[in-house]
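Okay, final-v5.cif is below, mmCIF, N, CA and C atoms:
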data_upload
#
loop_
_atom_site.group_PDB
_atom_site.id
_atom_site.type_symbol
_atom_site.label_atom_id
_atom_site.label_comp_id
_atom_site.auth_asym_id
_atom_site.auth_seq_id
_atom_site.Cartn_x
_atom_site.Cartn_y
_atom_site.Cartn_z
ATOM 1 N N MET A 851 -16.362 8.759 13.548
ATOM 2 C CA MET A 851 -15.523 7.616 13.252
ATOM 3 C C MET A 851 -14.045 7.931 13.414
ATOM 4 N N VAL A 852 -13.604 9.088 12.970
ATOM 5 C CA VAL A 852 -12.194 9.432 13.028
ATOM 6 C C VAL A 852 -11.774 9.838 14.434
ATOM 7 N N THR A 853 -12.720 9.966 15.334
ATOM 8 C CA THR A 853 -12.407 10.393 16.695
ATOM 9 C C THR A 853 -11.633 9.342 17.468
ATOM 10 N N GLY A 854 -11.592 8.115 16.943
ATOM 11 C CA GLY A 854 -10.881 7.052 17.632
ATOM 12 C C GLY A 854 -11.782 6.225 18.518
ATOM 13 N N ILE A 855 -13.050 6.604 18.622
ATOM 14 C CA ILE A 855 -13.990 5.838 19.431
ATOM 15 C C ILE A 855 -14.715 4.881 18.504
ATOM 16 N N ARG A 856 -14.483 3.619 18.695
ATOM 17 C CA ARG A 856 -15.106 2.606 17.846
ATOM 18 C C ARG A 856 -16.107 1.835 18.687
ATOM 19 N N THR A 857 -17.308 1.786 18.201
ATOM 20 C CA THR A 857 -18.341 1.122 18.987
ATOM 21 C C THR A 857 -18.657 -0.276 18.497
ATOM 22 N N GLY A 858 -18.215 -0.639 17.318
ATOM 23 C CA GLY A 858 -18.519 -1.967 16.822
ATOM 24 C C GLY A 858 -17.816 -2.264 15.517
ATOM 25 N N PRO A 859 -17.982 -3.501 15.026
ATOM 26 C CA PRO A 859 -17.304 -3.915 13.799
ATOM 27 C C PRO A 859 -17.706 -3.085 12.577
ATOM 28 N N LEU A 860 -18.975 -2.692 12.477
ATOM 29 C CA LEU A 860 -19.414 -1.906 11.330
ATOM 30 C C LEU A 860 -18.719 -0.548 11.308
ATOM 31 N N GLU A 861 -18.627 0.093 12.456
ATOM 32 C CA GLU A 861 -17.960 1.388 12.519
ATOM 33 C C GLU A 861 -16.477 1.257 12.168
ATOM 34 N N MET A 862 -15.838 0.175 12.642
ATOM 35 C CA MET A 862 -14.429 -0.052 12.321
ATOM 36 C C MET A 862 -14.265 -0.256 10.822
ATOM 37 N N PHE A 863 -15.174 -1.022 10.211
ATOM 38 C CA PHE A 863 -15.116 -1.260 8.771
ATOM 39 C C PHE A 863 -15.301 0.042 8.005
ATOM 40 N N LEU A 864 -16.272 0.829 8.415
ATOM 41 C CA LEU A 864 -16.565 2.080 7.720
ATOM 42 C C LEU A 864 -15.435 3.101 7.857
ATOM 43 N N GLU A 865 -14.579 2.914 8.846
ATOM 44 C CA GLU A 865 -13.413 3.788 8.989
ATOM 45 C C GLU A 865 -12.222 3.225 8.230
ATOM 46 N N ALA A 866 -11.906 1.957 8.430
ATOM 47 C CA ALA A 866 -10.700 1.364 7.854
ATOM 48 C C ALA A 866 -10.798 1.149 6.349
ATOM 49 N N PHE A 867 -11.943 0.706 5.859
ATOM 50 C CA PHE A 867 -12.062 0.361 4.446
ATOM 51 C C PHE A 867 -11.837 1.551 3.513
ATOM 52 N N PRO A 868 -12.557 2.659 3.685
ATOM 53 C CA PRO A 868 -12.335 3.765 2.739
ATOM 54 C C PRO A 868 -10.945 4.394 2.859
ATOM 55 N N VAL A 869 -10.421 4.468 4.071
ATOM 56 C CA VAL A 869 -9.079 5.039 4.240
ATOM 57 C C VAL A 869 -8.044 4.138 3.585
ATOM 58 N N SER A 870 -8.131 2.833 3.818
ATOM 59 C CA SER A 870 -7.190 1.885 3.209
ATOM 60 C C SER A 870 -7.297 1.907 1.695
ATOM 61 N N THR A 871 -8.514 1.927 1.181
ATOM 62 C CA THR A 871 -8.717 1.962 -0.271
ATOM 63 C C THR A 871 -8.074 3.204 -0.872
ATOM 64 N N GLY A 872 -8.309 4.346 -0.268
ATOM 65 C CA GLY A 872 -7.752 5.594 -0.790
ATOM 66 C C GLY A 872 -6.244 5.641 -0.728
ATOM 67 N N VAL A 873 -5.682 5.226 0.392
ATOM 68 C CA VAL A 873 -4.225 5.263 0.563
ATOM 69 C C VAL A 873 -3.548 4.327 -0.428
ATOM 70 N N VAL A 874 -4.060 3.118 -0.555
ATOM 71 C CA VAL A 874 -3.452 2.156 -1.482
ATOM 72 C C VAL A 874 -3.624 2.619 -2.923
ATOM 73 N N ALA A 875 -4.800 3.125 -3.271
ATOM 74 C CA ALA A 875 -5.037 3.593 -4.643
ATOM 75 C C ALA A 875 -4.068 4.726 -5.003
ATOM 76 N N LEU A 876 -3.882 5.670 -4.107
ATOM 77 C CA LEU A 876 -2.949 6.768 -4.370
ATOM 78 C C LEU A 876 -1.505 6.273 -4.429
ATOM 79 N N GLY A 877 -1.168 5.353 -3.529
ATOM 80 C CA GLY A 877 0.196 4.830 -3.500
ATOM 81 C C GLY A 877 0.553 3.995 -4.711
ATOM 82 N N LYS A 878 -0.430 3.378 -5.328
ATOM 83 C CA LYS A 878 -0.187 2.499 -6.472
ATOM 84 C C LYS A 878 -0.130 3.235 -7.798
ATOM 85 N N LEU A 879 -0.510 4.506 -7.815
ATOM 86 C CA LEU A 879 -0.500 5.240 -9.079
ATOM 87 C C LEU A 879 0.912 5.266 -9.667
ATOM 88 N N GLY A 880 1.060 4.673 -10.828
ATOM 89 C CA GLY A 880 2.335 4.709 -11.534
ATOM 90 C C GLY A 880 3.389 3.740 -11.040
ATOM 91 N N ASP A 881 3.066 2.865 -10.096
ATOM 92 C CA ASP A 881 4.092 1.921 -9.643
ATOM 93 C C ASP A 881 4.189 0.752 -10.617
ATOM 94 N N LYS A 882 5.160 -0.133 -10.389
ATOM 95 C CA LYS A 882 5.420 -1.196 -11.355
ATOM 96 C C LYS A 882 4.273 -2.188 -11.481
ATOM 97 N N THR A 883 3.479 -2.401 -10.435
ATOM 98 C CA THR A 883 2.343 -3.316 -10.570
ATOM 99 C C THR A 883 1.272 -2.712 -11.465
ATOM 100 N N GLN A 884 1.101 -1.411 -11.413
ATOM 101 C CA GLN A 884 0.126 -0.778 -12.298
ATOM 102 C C GLN A 884 0.607 -0.840 -13.744
ATOM 103 N N ILE A 885 1.882 -0.651 -13.960
ATOM 104 C CA ILE A 885 2.442 -0.735 -15.311
ATOM 105 C C ILE A 885 2.300 -2.164 -15.842
ATOM 106 N N ALA A 886 2.538 -3.156 -14.988
ATOM 107 C CA ALA A 886 2.355 -4.554 -15.402
ATOM 108 C C ALA A 886 0.895 -4.831 -15.739
ATOM 109 N N THR A 887 -0.017 -4.266 -14.980
ATOM 110 C CA THR A 887 -1.445 -4.449 -15.259
ATOM 111 C C THR A 887 -1.824 -3.824 -16.591
ATOM 112 N N VAL A 888 -1.284 -2.653 -16.880
ATOM 113 C CA VAL A 888 -1.537 -2.016 -18.181
ATOM 114 C C VAL A 888 -1.004 -2.901 -19.308
ATOM 115 N N ALA A 889 0.166 -3.481 -19.122
ATOM 116 C CA ALA A 889 0.741 -4.358 -20.140
ATOM 117 C C ALA A 889 -0.133 -5.594 -20.352
ATOM 118 N N HIS A 890 -0.639 -6.160 -19.261
ATOM 119 C CA HIS A 890 -1.528 -7.326 -19.396
ATOM 120 C C HIS A 890 -2.817 -6.950 -20.113
ATOM 121 N N ALA A 891 -3.363 -5.811 -19.774
ATOM 122 C CA ALA A 891 -4.598 -5.363 -20.428
ATOM 123 C C ALA A 891 -4.367 -5.157 -21.925
ATOM 124 N N ALA A 892 -3.207 -4.615 -22.283
ATOM 125 C CA ALA A 892 -2.899 -4.402 -23.696
ATOM 126 C C ALA A 892 -2.690 -5.730 -24.422
ATOM 127 N N ARG A 893 -2.119 -6.681 -23.735
ATOM 128 C CA ARG A 893 -1.832 -7.970 -24.376
ATOM 129 C C ARG A 893 -3.075 -8.832 -24.521
ATOM 130 N N TYR A 894 -3.885 -8.913 -23.469
ATOM 131 C CA TYR A 894 -5.000 -9.860 -23.466
ATOM 132 C C TYR A 894 -6.327 -9.258 -23.923
ATOM 133 N N HIS A 895 -6.450 -7.954 -23.959
ATOM 134 C CA HIS A 895 -7.665 -7.278 -24.439
ATOM 135 C C HIS A 895 -8.933 -7.786 -23.761
ATOM 136 N N ASP A 896 -8.834 -8.142 -22.499
ATOM 137 C CA ASP A 896 -10.016 -8.615 -21.766
ATOM 138 C C ASP A 896 -9.993 -8.002 -20.374
ATOM 139 N N LEU A 897 -10.668 -6.874 -20.244
ATOM 140 C CA LEU A 897 -10.659 -6.108 -19.003
ATOM 141 C C LEU A 897 -11.080 -6.950 -17.809
ATOM 142 N N LEU A 898 -12.165 -7.689 -17.942
ATOM 143 C CA LEU A 898 -12.690 -8.471 -16.828
ATOM 144 C C LEU A 898 -11.677 -9.503 -16.335
ATOM 145 N N GLN A 899 -11.054 -10.218 -17.269
ATOM 146 C CA GLN A 899 -10.085 -11.235 -16.849
ATOM 147 C C GLN A 899 -8.825 -10.618 -16.246
ATOM 148 N N VAL A 900 -8.393 -9.496 -16.789
ATOM 149 C CA VAL A 900 -7.203 -8.835 -16.227
ATOM 150 C C VAL A 900 -7.496 -8.343 -14.810
ATOM 151 N N VAL A 901 -8.641 -7.710 -14.609
ATOM 152 C CA VAL A 901 -9.020 -7.245 -13.267
ATOM 153 C C VAL A 901 -9.199 -8.437 -12.333
ATOM 154 N N ALA A 902 -9.858 -9.485 -12.825
ATOM 155 C CA ALA A 902 -10.078 -10.682 -12.000
ATOM 156 C C ALA A 902 -8.765 -11.364 -11.636
ATOM 157 N N GLY A 903 -7.768 -11.257 -12.487
ATOM 158 C CA GLY A 903 -6.473 -11.872 -12.191
ATOM 159 C C GLY A 903 -5.564 -11.021 -11.334
ATOM 160 N N THR A 904 -5.562 -9.715 -11.588
ATOM 161 C CA THR A 904 -4.642 -8.860 -10.829
ATOM 162 C C THR A 904 -5.130 -8.581 -9.411
ATOM 163 N N THR A 905 -6.440 -8.603 -9.211
ATOM 164 C CA THR A 905 -6.970 -8.322 -7.873
ATOM 165 C C THR A 905 -6.519 -9.359 -6.853
ATOM 166 N N PRO A 906 -6.690 -10.663 -7.113
ATOM 167 C CA PRO A 906 -6.174 -11.628 -6.132
ATOM 168 C C PRO A 906 -4.648 -11.603 -6.024
ATOM 169 N N GLY A 907 -3.985 -11.252 -7.128
ATOM 170 C CA GLY A 907 -2.522 -11.136 -7.067
ATOM 171 C C GLY A 907 -2.090 -10.054 -6.094
ATOM 172 N N MET A 908 -2.766 -8.911 -6.146
ATOM 173 C CA MET A 908 -2.453 -7.827 -5.211
ATOM 174 C C MET A 908 -2.805 -8.227 -3.784
ATOM 175 N N MET A 909 -3.913 -8.946 -3.629
ATOM 176 C CA MET A 909 -4.292 -9.388 -2.287
ATOM 177 C C MET A 909 -3.246 -10.340 -1.712
ATOM 178 N N LEU A 910 -2.720 -11.230 -2.562
ATOM 179 C CA LEU A 910 -1.668 -12.143 -2.095
ATOM 180 C C LEU A 910 -0.435 -11.382 -1.634
ATOM 181 N N ALA A 911 -0.150 -10.282 -2.294
ATOM 182 C CA ALA A 911 1.006 -9.476 -1.911
ATOM 183 C C ALA A 911 0.727 -8.640 -0.667
ATOM 184 N N ASP A 912 -0.505 -8.172 -0.513
ATOM 185 C CA ASP A 912 -0.829 -7.249 0.573
ATOM 186 C C ASP A 912 -1.235 -7.908 1.883
ATOM 187 N N VAL A 913 -1.839 -9.087 1.818
ATOM 188 C CA VAL A 913 -2.330 -9.732 3.043
ATOM 189 C C VAL A 913 -1.207 -9.979 4.054
ATOM 190 N N PRO A 914 -0.052 -10.501 3.627
ATOM 191 C CA PRO A 914 1.029 -10.666 4.625
ATOM 192 C C PRO A 914 1.446 -9.340 5.270
ATOM 193 N N ALA A 915 1.452 -8.262 4.498
ATOM 194 C CA ALA A 915 1.816 -6.961 5.055
ATOM 195 C C ALA A 915 0.804 -6.515 6.100
ATOM 196 N N VAL A 916 -0.469 -6.800 5.849
ATOM 197 C CA VAL A 916 -1.505 -6.438 6.820
ATOM 198 C C VAL A 916 -1.307 -7.226 8.114
ATOM 199 N N PHE A 917 -1.019 -8.507 8.002
ATOM 200 C CA PHE A 917 -0.791 -9.316 9.200
ATOM 201 C C PHE A 917 0.440 -8.849 9.978
ATOM 202 N N VAL A 918 1.504 -8.516 9.267
ATOM 203 C CA VAL A 918 2.708 -8.010 9.935
ATOM 204 C C VAL A 918 2.394 -6.693 10.636
ATOM 205 N N GLY A 919 1.653 -5.818 9.954
ATOM 206 C CA GLY A 919 1.275 -4.541 10.558
ATOM 207 C C GLY A 919 0.409 -4.727 11.785
ATOM 208 N N GLU A 920 -0.546 -5.633 11.698
ATOM 209 C CA GLU A 920 -1.441 -5.905 12.832
ATOM 210 C C GLU A 920 -0.655 -6.430 14.032
ATOM 211 N N THR A 921 0.263 -7.335 13.764
ATOM 212 C CA THR A 921 1.073 -7.922 14.843
ATOM 213 C C THR A 921 1.982 -6.874 15.477
ATOM 214 N N ASN A 922 2.631 -6.081 14.640
ATOM 215 C CA ASN A 922 3.581 -5.101 15.156
ATOM 216 C C ASN A 922 2.905 -3.877 15.759
ATOM 217 N N ALA A 923 1.657 -3.618 15.399
ATOM 218 C CA ALA A 923 0.949 -2.467 15.962
ATOM 219 C C ALA A 923 0.798 -2.598 17.467
ATOM 220 N N LYS A 924 0.786 -3.814 17.945
ATOM 221 C CA LYS A 924 0.661 -4.039 19.383
ATOM 222 C C LYS A 924 1.998 -3.885 20.107
ATOM 223 N N LYS A 925 3.104 -3.894 19.347
ATOM 224 C CA LYS A 925 4.432 -3.865 19.948
ATOM 225 C C LYS A 925 5.187 -2.557 19.718
ATOM 226 N N VAL A 926 4.851 -1.846 18.633
ATOM 227 C CA VAL A 926 5.600 -0.658 18.233
ATOM 228 C C VAL A 926 4.642 0.530 18.151
ATOM 229 N N SER A 927 5.084 1.678 18.612
ATOM 230 C CA SER A 927 4.217 2.854 18.577
ATOM 231 C C SER A 927 4.072 3.379 17.145
ATOM 232 N N VAL A 928 2.938 3.957 16.869
ATOM 233 C CA VAL A 928 2.670 4.530 15.552
ATOM 234 C C VAL A 928 3.642 5.672 15.275
ATOM 235 N N LYS A 929 3.977 6.421 16.297
ATOM 236 C CA LYS A 929 4.919 7.533 16.139
ATOM 237 C C LYS A 929 6.284 7.024 15.656
ATOM 238 N N LEU A 930 6.739 5.897 16.182
ATOM 239 C CA LEU A 930 8.009 5.319 15.752
ATOM 240 C C LEU A 930 7.917 4.857 14.293
ATOM 241 N N VAL A 931 6.830 4.202 13.932
ATOM 242 C CA VAL A 931 6.642 3.742 12.553
ATOM 243 C C VAL A 931 6.651 4.926 11.597
ATOM 244 N N HIS A 932 5.956 6.013 11.961
ATOM 245 C CA HIS A 932 5.945 7.213 11.124
ATOM 246 C C HIS A 932 7.353 7.790 10.994
ATOM 247 N N GLY A 933 8.106 7.789 12.076
ATOM 248 C CA GLY A 933 9.472 8.307 12.038
ATOM 249 C C GLY A 933 10.372 7.477 11.141
ATOM 250 N N ILE A 934 10.256 6.162 11.229
ATOM 251 C CA ILE A 934 11.057 5.273 10.375
ATOM 252 C C ILE A 934 10.670 5.471 8.908
ATOM 253 N N ALA A 935 9.366 5.523 8.632
ATOM 254 C CA ALA A 935 8.904 5.720 7.256
ATOM 255 C C ALA A 935 9.393 7.059 6.710
ATOM 256 N N ALA A 936 9.341 8.096 7.525
ATOM 257 C CA ALA A 936 9.811 9.416 7.095
ATOM 258 C C ALA A 936 11.307 9.386 6.813
ATOM 259 N N GLY A 937 12.053 8.683 7.650
ATOM 260 C CA GLY A 937 13.500 8.563 7.435
ATOM 261 C C GLY A 937 13.832 7.828 6.148
ATOM 262 N N ILE A 938 13.132 6.739 5.887
ATOM 263 C CA ILE A 938 13.350 5.986 4.648
ATOM 264 C C ILE A 938 13.015 6.856 3.438
ATOM 265 N N LEU A 939 11.885 7.561 3.509
ATOM 266 C CA LEU A 939 11.491 8.440 2.411
ATOM 267 C C LEU A 939 12.527 9.541 2.191
ATOM 268 N N ALA A 940 13.051 10.090 3.265
ATOM 269 C CA ALA A 940 14.058 11.146 3.143
ATOM 270 C C ALA A 940 15.328 10.620 2.472
ATOM 271 N N VAL A 941 15.782 9.440 2.880
ATOM 272 C CA VAL A 941 16.986 8.842 2.285
ATOM 273 C C VAL A 941 16.758 8.546 0.799
ATOM 274 N N LEU A 942 15.618 7.933 0.472
ATOM 275 C CA LEU A 942 15.325 7.631 -0.931
ATOM 276 C C LEU A 942 15.199 8.898 -1.768
ATOM 277 N N SER A 943 14.608 9.931 -1.186
ATOM 278 C CA SER A 943 14.483 11.204 -1.899
ATOM 279 C C SER A 943 15.854 11.818 -2.152
ATOM 280 N N LEU A 944 16.707 11.772 -1.156
ATOM 281 C CA LEU A 944 18.061 12.314 -1.301
ATOM 282 C C LEU A 944 18.844 11.544 -2.363
ATOM 283 N N LEU A 945 18.744 10.215 -2.329
ATOM 284 C CA LEU A 945 19.433 9.402 -3.329
ATOM 285 C C LEU A 945 18.917 9.706 -4.734
ATOM 286 N N THR A 946 17.625 9.951 -4.844
ATOM 287 C CA THR A 946 17.047 10.302 -6.140
ATOM 288 C C THR A 946 17.554 11.667 -6.605
ATOM 289 N N LEU A 947 17.563 12.636 -5.693
ATOM 290 C CA LEU A 947 18.050 13.968 -6.045
ATOM 291 C C LEU A 947 19.518 13.950 -6.464
ATOM 292 N N LEU A 948 20.297 13.095 -5.820
ATOM 293 C CA LEU A 948 21.729 12.987 -6.131
ATOM 294 C C LEU A 948 21.982 12.079 -7.326
ATOM 295 N N ASN A 949 20.902 11.520 -7.881
ATOM 296 C CA ASN A 949 20.985 10.644 -9.036
ATOM 297 C C ASN A 949 21.914 9.452 -8.790
ATOM 298 N N VAL A 950 21.778 8.850 -7.620
ATOM 299 C CA VAL A 950 22.589 7.703 -7.241
ATOM 300 C C VAL A 950 21.954 6.448 -7.835
ATOM 301 N N ASP A 951 22.701 5.801 -8.748
ATOM 302 C CA ASP A 951 22.205 4.583 -9.381
ATOM 303 C C ASP A 951 22.602 3.328 -8.606
ATOM 304 N N LYS A 952 23.777 3.368 -8.019
ATOM 305 C CA LYS A 952 24.285 2.213 -7.283
ATOM 306 C C LYS A 952 24.800 2.666 -5.924
ATOM 307 N N LEU A 953 24.575 1.834 -4.933
ATOM 308 C CA LEU A 953 25.044 2.174 -3.585
ATOM 309 C C LEU A 953 26.486 1.718 -3.370
ATOM 310 N N ILE A 954 26.986 0.858 -4.225
ATOM 311 C CA ILE A 954 28.365 0.353 -4.074
ATOM 312 C C ILE A 954 29.199 0.757 -5.267
#

Would you write out, as C-alpha cells, the structure that this file holds?
Amino acid sequence: MVTGIRTGPLEMFLEAFPVSTGVVALGKLGDKTQIATVAHAARYHDLLQVVAGTTPGMMLADVPAVFVGETNAKKVSVKLVHGIAAGILAVLSLLTLLNVDKLI
C-alpha cells in the first residue's frame, strides 16, 4: 500500500484512513479543541453526547481543509508544501524560543 501503487478504492481507503487518523490524532493532542472538549465533558457529564457533538464539529472544520488540499495537490508539488510547512514551523519555533508575545 505504501509503495504508491493503488489498485482500487479499497486499497486507497486502507492507506489514507489509518494514516490520516494517526496524524490528526497526534496533531490534536493538547490543542485548544481538545481542551474545549475536556471542558464540555466536565460540564455536561455525558460522554456520548460530548463525543457525538464534537465529532461533527471537527468534521465541519476539517472538511474544507481536505477539499483545499485535494484541489491544490493537483497544482502544487508535495515537496513545496513540505518546504512551506517546515518554514512556518521554524519561524513559529523561533518566535516561541525568543518568547515573542506580539509581532508589533

Gap from CA of Thr904 (chain A) to CA of Lys882 (chain A) - Å, one decimal
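Computing the Euclidean distance for CA of Thr904 (chain A) and CA of Lys882 (chain A) yields 12.7 Å.
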
Could you tell me how far atom N of Leu898 (chain A) lies from atom N of Phe863 (chain A), in Å and to one decimal?
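According to the coordinates, atom N of Leu898 (chain A) and atom N of Phe863 (chain A) are separated by 29.1 Å.
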
If you measure from atom N of Ala875 (chain A) to atom N of Pro859 (chain A), what distance in Å do you get, rounded to one decimal?
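Separation of atom N of Ala875 (chain A) and atom N of Pro859 (chain A): 23.5 Å.
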
What are the centre and edge lengths in Å, to one decimal, of the axis-aligned box around all listed atoms of region 910-922 of chain A with 4 Å added on each side, as AutoDock Vina command-line options?
--center_x 0.4 --center_y -8.0 --center_z 6.6 --size_x 14.3 --size_y 16.3 --size_z 26.3
